[in-house]
>>> print(open('input.txt').read())   # compact mmCIF, N, CA and C atoms
# COMPACT_ATOMS: atom_id res chain seq x y z
N MET A 1 9.79 0.93 11.23
CA MET A 1 8.46 0.43 11.47
C MET A 1 8.52 -1.10 11.45
N SER A 2 8.01 -1.73 12.48
CA SER A 2 8.01 -3.19 12.55
C SER A 2 6.96 -3.76 11.60
N ASP A 3 7.07 -5.07 11.32
CA ASP A 3 6.08 -5.74 10.47
C ASP A 3 4.68 -5.62 11.08
N ARG A 4 4.61 -5.74 12.39
CA ARG A 4 3.31 -5.66 13.06
C ARG A 4 2.71 -4.27 12.90
N GLU A 5 3.53 -3.23 13.06
CA GLU A 5 3.04 -1.86 12.89
C GLU A 5 2.63 -1.60 11.44
N PHE A 6 3.41 -2.13 10.49
CA PHE A 6 3.09 -1.99 9.07
C PHE A 6 1.74 -2.62 8.77
N CYS A 7 1.55 -3.86 9.23
CA CYS A 7 0.27 -4.55 9.00
C CYS A 7 -0.88 -3.83 9.69
N ALA A 8 -0.64 -3.34 10.89
CA ALA A 8 -1.69 -2.63 11.62
C ALA A 8 -2.11 -1.36 10.90
N SER A 9 -1.16 -0.65 10.31
CA SER A 9 -1.52 0.59 9.61
C SER A 9 -2.33 0.28 8.36
N ILE A 10 -2.00 -0.81 7.66
CA ILE A 10 -2.79 -1.20 6.49
C ILE A 10 -4.18 -1.64 6.92
N LEU A 11 -4.26 -2.45 7.95
CA LEU A 11 -5.55 -2.92 8.43
C LEU A 11 -6.41 -1.76 8.88
N ALA A 12 -5.83 -0.80 9.55
CA ALA A 12 -6.59 0.37 10.00
C ALA A 12 -7.19 1.10 8.81
N ARG A 13 -6.42 1.28 7.74
CA ARG A 13 -6.92 1.96 6.54
C ARG A 13 -8.07 1.18 5.91
N VAL A 14 -7.94 -0.15 5.83
CA VAL A 14 -8.99 -1.00 5.26
C VAL A 14 -10.27 -0.85 6.07
N LEU A 15 -10.15 -0.91 7.38
CA LEU A 15 -11.32 -0.81 8.24
C LEU A 15 -11.97 0.56 8.16
N ILE A 16 -11.16 1.59 8.14
CA ILE A 16 -11.70 2.95 8.04
C ILE A 16 -12.44 3.11 6.72
N ASP A 17 -11.82 2.67 5.62
CA ASP A 17 -12.45 2.79 4.31
C ASP A 17 -13.75 2.00 4.21
N ALA A 18 -13.80 0.86 4.88
CA ALA A 18 -14.99 0.01 4.84
C ALA A 18 -16.04 0.44 5.85
N GLY A 19 -15.68 1.36 6.73
CA GLY A 19 -16.62 1.78 7.77
C GLY A 19 -16.91 0.66 8.75
N ALA A 20 -15.96 -0.24 8.91
CA ALA A 20 -16.18 -1.43 9.72
C ALA A 20 -15.49 -1.32 11.06
N GLY A 21 -15.92 -2.15 11.95
CA GLY A 21 -15.27 -2.32 13.23
C GLY A 21 -14.88 -3.78 13.35
N ILE A 22 -14.07 -4.09 14.31
CA ILE A 22 -13.65 -5.48 14.49
C ILE A 22 -13.63 -5.81 15.98
N VAL A 23 -14.08 -6.99 16.28
CA VAL A 23 -14.05 -7.47 17.66
C VAL A 23 -12.89 -8.46 17.73
N LEU A 24 -11.93 -8.13 18.57
CA LEU A 24 -10.78 -9.01 18.71
C LEU A 24 -11.06 -10.08 19.73
N GLY A 25 -10.52 -11.22 19.48
CA GLY A 25 -10.72 -12.33 20.39
C GLY A 25 -11.16 -13.54 19.59
N GLY A 26 -11.15 -14.65 20.20
CA GLY A 26 -11.52 -15.87 19.51
C GLY A 26 -10.35 -16.40 18.71
N THR A 27 -10.54 -17.58 18.18
CA THR A 27 -9.44 -18.23 17.48
C THR A 27 -9.32 -17.78 16.03
N ASP A 28 -10.36 -17.23 15.45
CA ASP A 28 -10.34 -16.86 14.04
C ASP A 28 -9.86 -15.45 13.77
N SER A 29 -9.79 -14.59 14.78
CA SER A 29 -9.51 -13.18 14.53
C SER A 29 -8.13 -12.96 13.91
N ASP A 30 -7.10 -13.66 14.36
CA ASP A 30 -5.77 -13.49 13.79
C ASP A 30 -5.75 -13.91 12.32
N GLU A 31 -6.43 -15.00 12.01
CA GLU A 31 -6.48 -15.47 10.63
C GLU A 31 -7.24 -14.49 9.74
N ILE A 32 -8.35 -13.98 10.22
CA ILE A 32 -9.15 -13.01 9.45
C ILE A 32 -8.35 -11.74 9.21
N ILE A 33 -7.69 -11.25 10.24
CA ILE A 33 -6.87 -10.04 10.10
C ILE A 33 -5.76 -10.28 9.09
N GLY A 34 -5.10 -11.42 9.18
CA GLY A 34 -4.04 -11.75 8.24
C GLY A 34 -4.53 -11.81 6.80
N GLN A 35 -5.71 -12.38 6.59
CA GLN A 35 -6.28 -12.46 5.25
C GLN A 35 -6.61 -11.08 4.71
N MET A 36 -7.15 -10.22 5.56
CA MET A 36 -7.50 -8.86 5.12
C MET A 36 -6.24 -8.09 4.72
N VAL A 37 -5.20 -8.19 5.52
CA VAL A 37 -3.95 -7.49 5.22
C VAL A 37 -3.33 -8.06 3.95
N GLU A 38 -3.36 -9.38 3.80
CA GLU A 38 -2.79 -10.00 2.61
C GLU A 38 -3.53 -9.55 1.34
N MET A 39 -4.84 -9.48 1.39
CA MET A 39 -5.61 -9.01 0.24
C MET A 39 -5.22 -7.58 -0.13
N GLU A 40 -5.08 -6.73 0.87
CA GLU A 40 -4.72 -5.34 0.62
C GLU A 40 -3.30 -5.24 0.06
N CYS A 41 -2.39 -6.05 0.57
CA CYS A 41 -1.02 -6.05 0.05
C CYS A 41 -0.98 -6.52 -1.40
N CYS A 42 -1.74 -7.53 -1.72
CA CYS A 42 -1.79 -8.00 -3.11
C CYS A 42 -2.34 -6.92 -4.02
N GLU A 43 -3.36 -6.22 -3.59
CA GLU A 43 -3.91 -5.13 -4.39
C GLU A 43 -2.88 -4.03 -4.57
N ALA A 44 -2.13 -3.73 -3.53
CA ALA A 44 -1.07 -2.71 -3.63
C ALA A 44 -0.01 -3.14 -4.64
N LEU A 45 0.37 -4.40 -4.62
CA LEU A 45 1.36 -4.89 -5.59
C LEU A 45 0.83 -4.80 -7.01
N ARG A 46 -0.46 -5.07 -7.21
CA ARG A 46 -1.05 -4.92 -8.54
C ARG A 46 -1.00 -3.46 -8.99
N LYS A 47 -1.30 -2.55 -8.08
CA LYS A 47 -1.26 -1.12 -8.41
C LYS A 47 0.17 -0.68 -8.74
N ILE A 48 1.14 -1.16 -7.99
CA ILE A 48 2.54 -0.82 -8.26
C ILE A 48 2.94 -1.37 -9.63
N ARG A 49 2.54 -2.59 -9.94
CA ARG A 49 2.85 -3.17 -11.26
C ARG A 49 2.24 -2.33 -12.37
N ASN A 50 1.00 -1.87 -12.18
CA ASN A 50 0.35 -1.03 -13.17
C ASN A 50 1.11 0.28 -13.37
N ILE A 51 1.61 0.84 -12.28
CA ILE A 51 2.40 2.08 -12.38
C ILE A 51 3.66 1.81 -13.19
N LEU A 52 4.34 0.72 -12.89
CA LEU A 52 5.59 0.41 -13.58
C LEU A 52 5.36 0.07 -15.06
N ASP A 53 4.19 -0.49 -15.37
CA ASP A 53 3.89 -0.87 -16.75
C ASP A 53 3.28 0.25 -17.57
N ASP A 54 3.08 1.40 -16.98
CA ASP A 54 2.43 2.52 -17.67
C ASP A 54 3.33 3.03 -18.80
N ASP A 55 3.00 2.66 -20.03
CA ASP A 55 3.82 3.04 -21.19
C ASP A 55 3.70 4.52 -21.55
N ARG A 56 2.78 5.22 -20.92
CA ARG A 56 2.68 6.66 -21.19
C ARG A 56 3.86 7.40 -20.59
N LEU A 57 4.58 6.76 -19.69
CA LEU A 57 5.74 7.38 -19.06
C LEU A 57 7.00 6.83 -19.71
N ASN A 58 7.87 7.70 -20.17
CA ASN A 58 9.15 7.27 -20.73
C ASN A 58 10.20 7.23 -19.63
N ASP A 59 11.42 6.88 -19.99
CA ASP A 59 12.49 6.79 -19.00
C ASP A 59 12.73 8.11 -18.28
N GLU A 60 12.51 9.20 -18.98
CA GLU A 60 12.69 10.51 -18.35
C GLU A 60 11.64 10.75 -17.28
N ALA A 61 10.57 10.00 -17.33
CA ALA A 61 9.49 10.15 -16.35
C ALA A 61 9.63 9.16 -15.20
N CYS A 62 10.79 8.56 -15.04
CA CYS A 62 11.01 7.59 -13.97
C CYS A 62 10.67 8.19 -12.61
N PHE A 63 11.04 9.44 -12.41
CA PHE A 63 10.73 10.09 -11.14
C PHE A 63 9.22 10.08 -10.90
N SER A 64 8.46 10.29 -11.96
CA SER A 64 7.01 10.28 -11.83
C SER A 64 6.51 8.91 -11.38
N ARG A 65 7.09 7.85 -11.90
CA ARG A 65 6.69 6.49 -11.49
C ARG A 65 6.98 6.28 -10.01
N ILE A 66 8.16 6.66 -9.59
CA ILE A 66 8.53 6.49 -8.18
C ILE A 66 7.62 7.33 -7.30
N TYR A 67 7.34 8.55 -7.72
CA TYR A 67 6.47 9.43 -6.96
C TYR A 67 5.08 8.81 -6.80
N ARG A 68 4.56 8.19 -7.86
CA ARG A 68 3.25 7.55 -7.79
C ARG A 68 3.26 6.38 -6.81
N ILE A 69 4.36 5.64 -6.75
CA ILE A 69 4.48 4.54 -5.79
C ILE A 69 4.53 5.07 -4.36
N VAL A 70 5.27 6.15 -4.15
CA VAL A 70 5.33 6.78 -2.83
C VAL A 70 3.94 7.25 -2.42
N CYS A 71 3.21 7.83 -3.35
CA CYS A 71 1.84 8.28 -3.05
C CYS A 71 0.94 7.10 -2.70
N LEU A 72 1.15 5.96 -3.35
CA LEU A 72 0.38 4.77 -3.03
C LEU A 72 0.64 4.33 -1.59
N TYR A 73 1.91 4.36 -1.16
CA TYR A 73 2.21 4.04 0.23
C TYR A 73 1.48 4.99 1.17
N ASP A 74 1.46 6.28 0.83
CA ASP A 74 0.73 7.24 1.66
C ASP A 74 -0.76 6.89 1.71
N GLU A 75 -1.31 6.50 0.58
CA GLU A 75 -2.73 6.15 0.49
C GLU A 75 -3.06 4.92 1.32
N LEU A 76 -2.14 3.94 1.35
CA LEU A 76 -2.38 2.70 2.08
C LEU A 76 -2.31 2.87 3.59
N GLY A 77 -1.64 3.90 4.04
CA GLY A 77 -1.59 4.13 5.47
C GLY A 77 -0.21 4.14 6.09
N PRO A 78 0.71 3.21 5.69
CA PRO A 78 2.00 3.22 6.39
C PRO A 78 2.87 4.41 6.02
N GLY A 79 2.55 5.08 4.94
CA GLY A 79 3.33 6.24 4.53
C GLY A 79 4.69 5.84 3.99
N ALA A 80 5.41 6.81 3.49
CA ALA A 80 6.71 6.56 2.89
C ALA A 80 7.84 7.06 3.78
N GLY A 81 7.51 7.47 4.98
CA GLY A 81 8.52 7.92 5.92
C GLY A 81 9.24 9.16 5.41
N SER A 82 10.52 9.24 5.66
CA SER A 82 11.29 10.42 5.30
C SER A 82 11.58 10.48 3.80
N ARG A 83 11.20 9.49 3.05
CA ARG A 83 11.46 9.47 1.61
C ARG A 83 10.45 10.30 0.82
N HIS A 84 9.50 10.89 1.48
CA HIS A 84 8.48 11.69 0.78
C HIS A 84 8.67 13.17 1.04
N ASP A 85 9.95 13.59 1.07
CA ASP A 85 10.24 14.98 1.35
C ASP A 85 10.64 15.74 0.10
N PHE A 86 10.17 15.26 -1.05
CA PHE A 86 10.43 15.93 -2.32
C PHE A 86 9.12 16.43 -2.89
N GLY A 87 9.17 17.33 -3.83
CA GLY A 87 7.91 17.83 -4.34
C GLY A 87 7.91 18.22 -5.75
>>> encode(input="input.txt", output="structure tokens")
Amino acid sequence: MSDREFCASILARVLIDAGAGIVLGGTDSDEIIGQMVEMECCEALRKIRNILDDDRLNDEACFSRIYRIVCLYDELGPGAGSRHDFG
């Protein structure tokens, strides 16, 4: 998946969740789209950090931490690709 496709999938999820539409064109649209994707990426990193810092999970639960991160990728839109074939 290219960077552009990755960003587009995140942006699509943000727009769908917000019930919003976007009109492309003009000089500000690229900057606005970039800011929206950046905000969503920062939120995803905060969520991943929270998963990693969850003291309720011990080392034996490492798989659970990774699984939660994979689920977060699925939630954000780009998915985890072929790495989510475990259950």
>>> atom_distance(input="input.txt", atom1="atom N of Arg13 (chain A)", atom2="atom C of Val37 (chain A)")
10.5 Å
>>> atom_distance(input="input.txt", atom1="CA of Met36 (chain A)", atom2="atom C of Glu5 (chain A)")
14.0 Å
>>> residues_around(input="input.txt", residues="Asp3 (chain A)", least_positions_apart="5", cutoff="12 Å", atoms="only C-alpha atoms", output="mmCIF file with N, CA and C atoms, keeping the file's coordinate frame")
data_model
loop_
_atom_site.group_PDB
_atom_site.id
_atom_site.type_symbol
_atom_site.label_atom_id
_atom_site.label_comp_id
_atom_site.auth_asym_id
_atom_site.auth_seq_id
_atom_site.Cartn_x
_atom_site.Cartn_y
_atom_site.Cartn_z
ATOM 1 N N ALA A 8 -0.640 -3.340 10.890
ATOM 2 C CA ALA A 8 -1.690 -2.630 11.620
ATOM 3 C C ALA A 8 -2.110 -1.360 10.900
ATOM 4 N N SER A 9 -1.160 -0.650 10.310
ATOM 5 C CA SER A 9 -1.520 0.590 9.610
ATOM 6 C C SER A 9 -2.330 0.280 8.360
ATOM 7 N N ILE A 10 -2.000 -0.810 7.660
ATOM 8 C CA ILE A 10 -2.790 -1.200 6.490
ATOM 9 C C ILE A 10 -4.180 -1.640 6.920
ATOM 10 N N GLY A 34 -5.100 -11.420 9.180
ATOM 11 C CA GLY A 34 -4.040 -11.750 8.240
ATOM 12 C C GLY A 34 -4.530 -11.810 6.800
ATOM 13 N N VAL A 37 -5.200 -8.190 5.520
ATOM 14 C CA VAL A 37 -3.950 -7.490 5.220
ATOM 15 C C VAL A 37 -3.330 -8.060 3.950
ATOM 16 N N PRO A 78 0.710 3.210 5.690
ATOM 17 C CA PRO A 78 2.000 3.220 6.390
ATOM 18 C C PRO A 78 2.870 4.410 6.020
#
>>> atom_distance(input="input.txt", atom1="CA of Asp17 (chain A)", atom2="CA of Arg65 (chain A)")
25.1 Å
>>> closest_residue(input="input.txt", among="A:Ile16, A:Ile66, A:Cys7, A:Ile33", to="Leu52 (chain A)", atoms="only N, CA and C atoms")
A:Ile66
>>> residues_around(input="input.txt", residues="Leu76 (chain A)", least_positions_apart="3", cutoff="8 Å", atoms="only N, CA and C atoms", output="list in words")
Ser9, Ile10, Leu11, Ala12, Arg13, Val14, Ala44, Val70, Cys71, Leu72, Tyr73 and Gly79 of chain A
>>> write_last_selection(input="input.txt", atoms="N, CA and C atoms", output="PDB file, in the coordinates of the input")
ATOM      1  N   SER A   9      -1.160  -0.650  10.310  1.00  0.00           N
ATOM      2  CA  SER A   9      -1.520   0.590   9.610  1.00  0.00           C
ATOM      3  C   SER A   9      -2.330   0.280   8.360  1.00  0.00           C
ATOM      4  N   ILE A  10      -2.000  -0.810   7.660  1.00  0.00           N
ATOM      5  CA  ILE A  10      -2.790  -1.200   6.490  1.00  0.00           C
ATOM      6  C   ILE A  10      -4.180  -1.640   6.920  1.00  0.00           C
ATOM      7  N   LEU A  11      -4.260  -2.450   7.950  1.00  0.00           N
ATOM      8  CA  LEU A  11      -5.550  -2.920   8.430  1.00  0.00           C
ATOM      9  C   LEU A  11      -6.410  -1.760   8.880  1.00  0.00           C
ATOM     10  N   ALA A  12      -5.830  -0.800   9.550  1.00  0.00           N
ATOM     11  CA  ALA A  12      -6.590   0.370  10.000  1.00  0.00           C
ATOM     12  C   ALA A  12      -7.190   1.100   8.810  1.00  0.00           C
ATOM     13  N   ARG A  13      -6.420   1.280   7.740  1.00  0.00           N
ATOM     14  CA  ARG A  13      -6.920   1.960   6.540  1.00  0.00           C
ATOM     15  C   ARG A  13      -8.070   1.180   5.910  1.00  0.00           C
ATOM     16  N   VAL A  14      -7.940  -0.150   5.830  1.00  0.00           N
ATOM     17  CA  VAL A  14      -8.990  -1.000   5.260  1.00  0.00           C
ATOM     18  C   VAL A  14     -10.270  -0.850   6.070  1.00  0.00           C
ATOM     19  N   ALA A  44      -2.130  -3.730  -3.530  1.00  0.00           N
ATOM     20  CA  ALA A  44      -1.070  -2.710  -3.630  1.00  0.00           C
ATOM     21  C   ALA A  44      -0.010  -3.140  -4.640  1.00  0.00           C
ATOM     22  N   VAL A  70       5.270   6.150  -4.150  1.00  0.00           N
ATOM     23  CA  VAL A  70       5.330   6.780  -2.830  1.00  0.00           C
ATOM     24  C   VAL A  70       3.940   7.250  -2.420  1.00  0.00           C
ATOM     25  N   CYS A  71       3.210   7.830  -3.350  1.00  0.00           N
ATOM     26  CA  CYS A  71       1.840   8.280  -3.050  1.00  0.00           C
ATOM     27  C   CYS A  71       0.940   7.100  -2.700  1.00  0.00           C
ATOM     28  N   LEU A  72       1.150   5.960  -3.350  1.00  0.00           N
ATOM     29  CA  LEU A  72       0.380   4.770  -3.030  1.00  0.00           C
ATOM     30  C   LEU A  72       0.640   4.330  -1.590  1.00  0.00           C
ATOM     31  N   TYR A  73       1.910   4.360  -1.160  1.00  0.00           N
ATOM     32  CA  TYR A  73       2.210   4.040   0.230  1.00  0.00           C
ATOM     33  C   TYR A  73       1.480   4.990   1.170  1.00  0.00           C
ATOM     34  N   GLY A  79       2.550   5.080   4.940  1.00  0.00           N
ATOM     35  CA  GLY A  79       3.330   6.240   4.530  1.00  0.00           C
ATOM     36  C   GLY A  79       4.690   5.840   3.990  1.00  0.00           C
TER      37      GLY A  79
END
>>> residues_around(input="input.txt", residues="Lys47 (chain A)", least_positions_apart="6", cutoff="8 Å", atoms="only N, CA and C atoms", output="tab-separated table (two decimals) with N, CA and C atoms, in the coordinates of the input")
chain	number	residue	atom	x	y	z
A	41	CYS	N	-2.39	-6.05	0.57
A	41	CYS	CA	-1.02	-6.05	0.05
A	41	CYS	C	-0.98	-6.52	-1.40
A	53	ASP	N	4.19	-0.49	-15.37
A	53	ASP	CA	3.89	-0.87	-16.75
A	53	ASP	C	3.28	0.25	-17.57
A	68	ARG	N	4.56	8.19	-7.86
A	68	ARG	CA	3.25	7.55	-7.79
A	68	ARG	C	3.26	6.38	-6.81
A	69	ILE	N	4.36	5.64	-6.75
A	69	ILE	CA	4.48	4.54	-5.79
A	69	ILE	C	4.53	5.07	-4.36
A	72	LEU	N	1.15	5.96	-3.35
A	72	LEU	CA	0.38	4.77	-3.03
A	72	LEU	C	0.64	4.33	-1.59
>>> closest_residue(input="input.txt", among="A:Ala20, A:Met1, A:Tyr67, A:Asp30", to="Ile48 (chain A)", atoms="only C-alpha atoms")
A:Tyr67
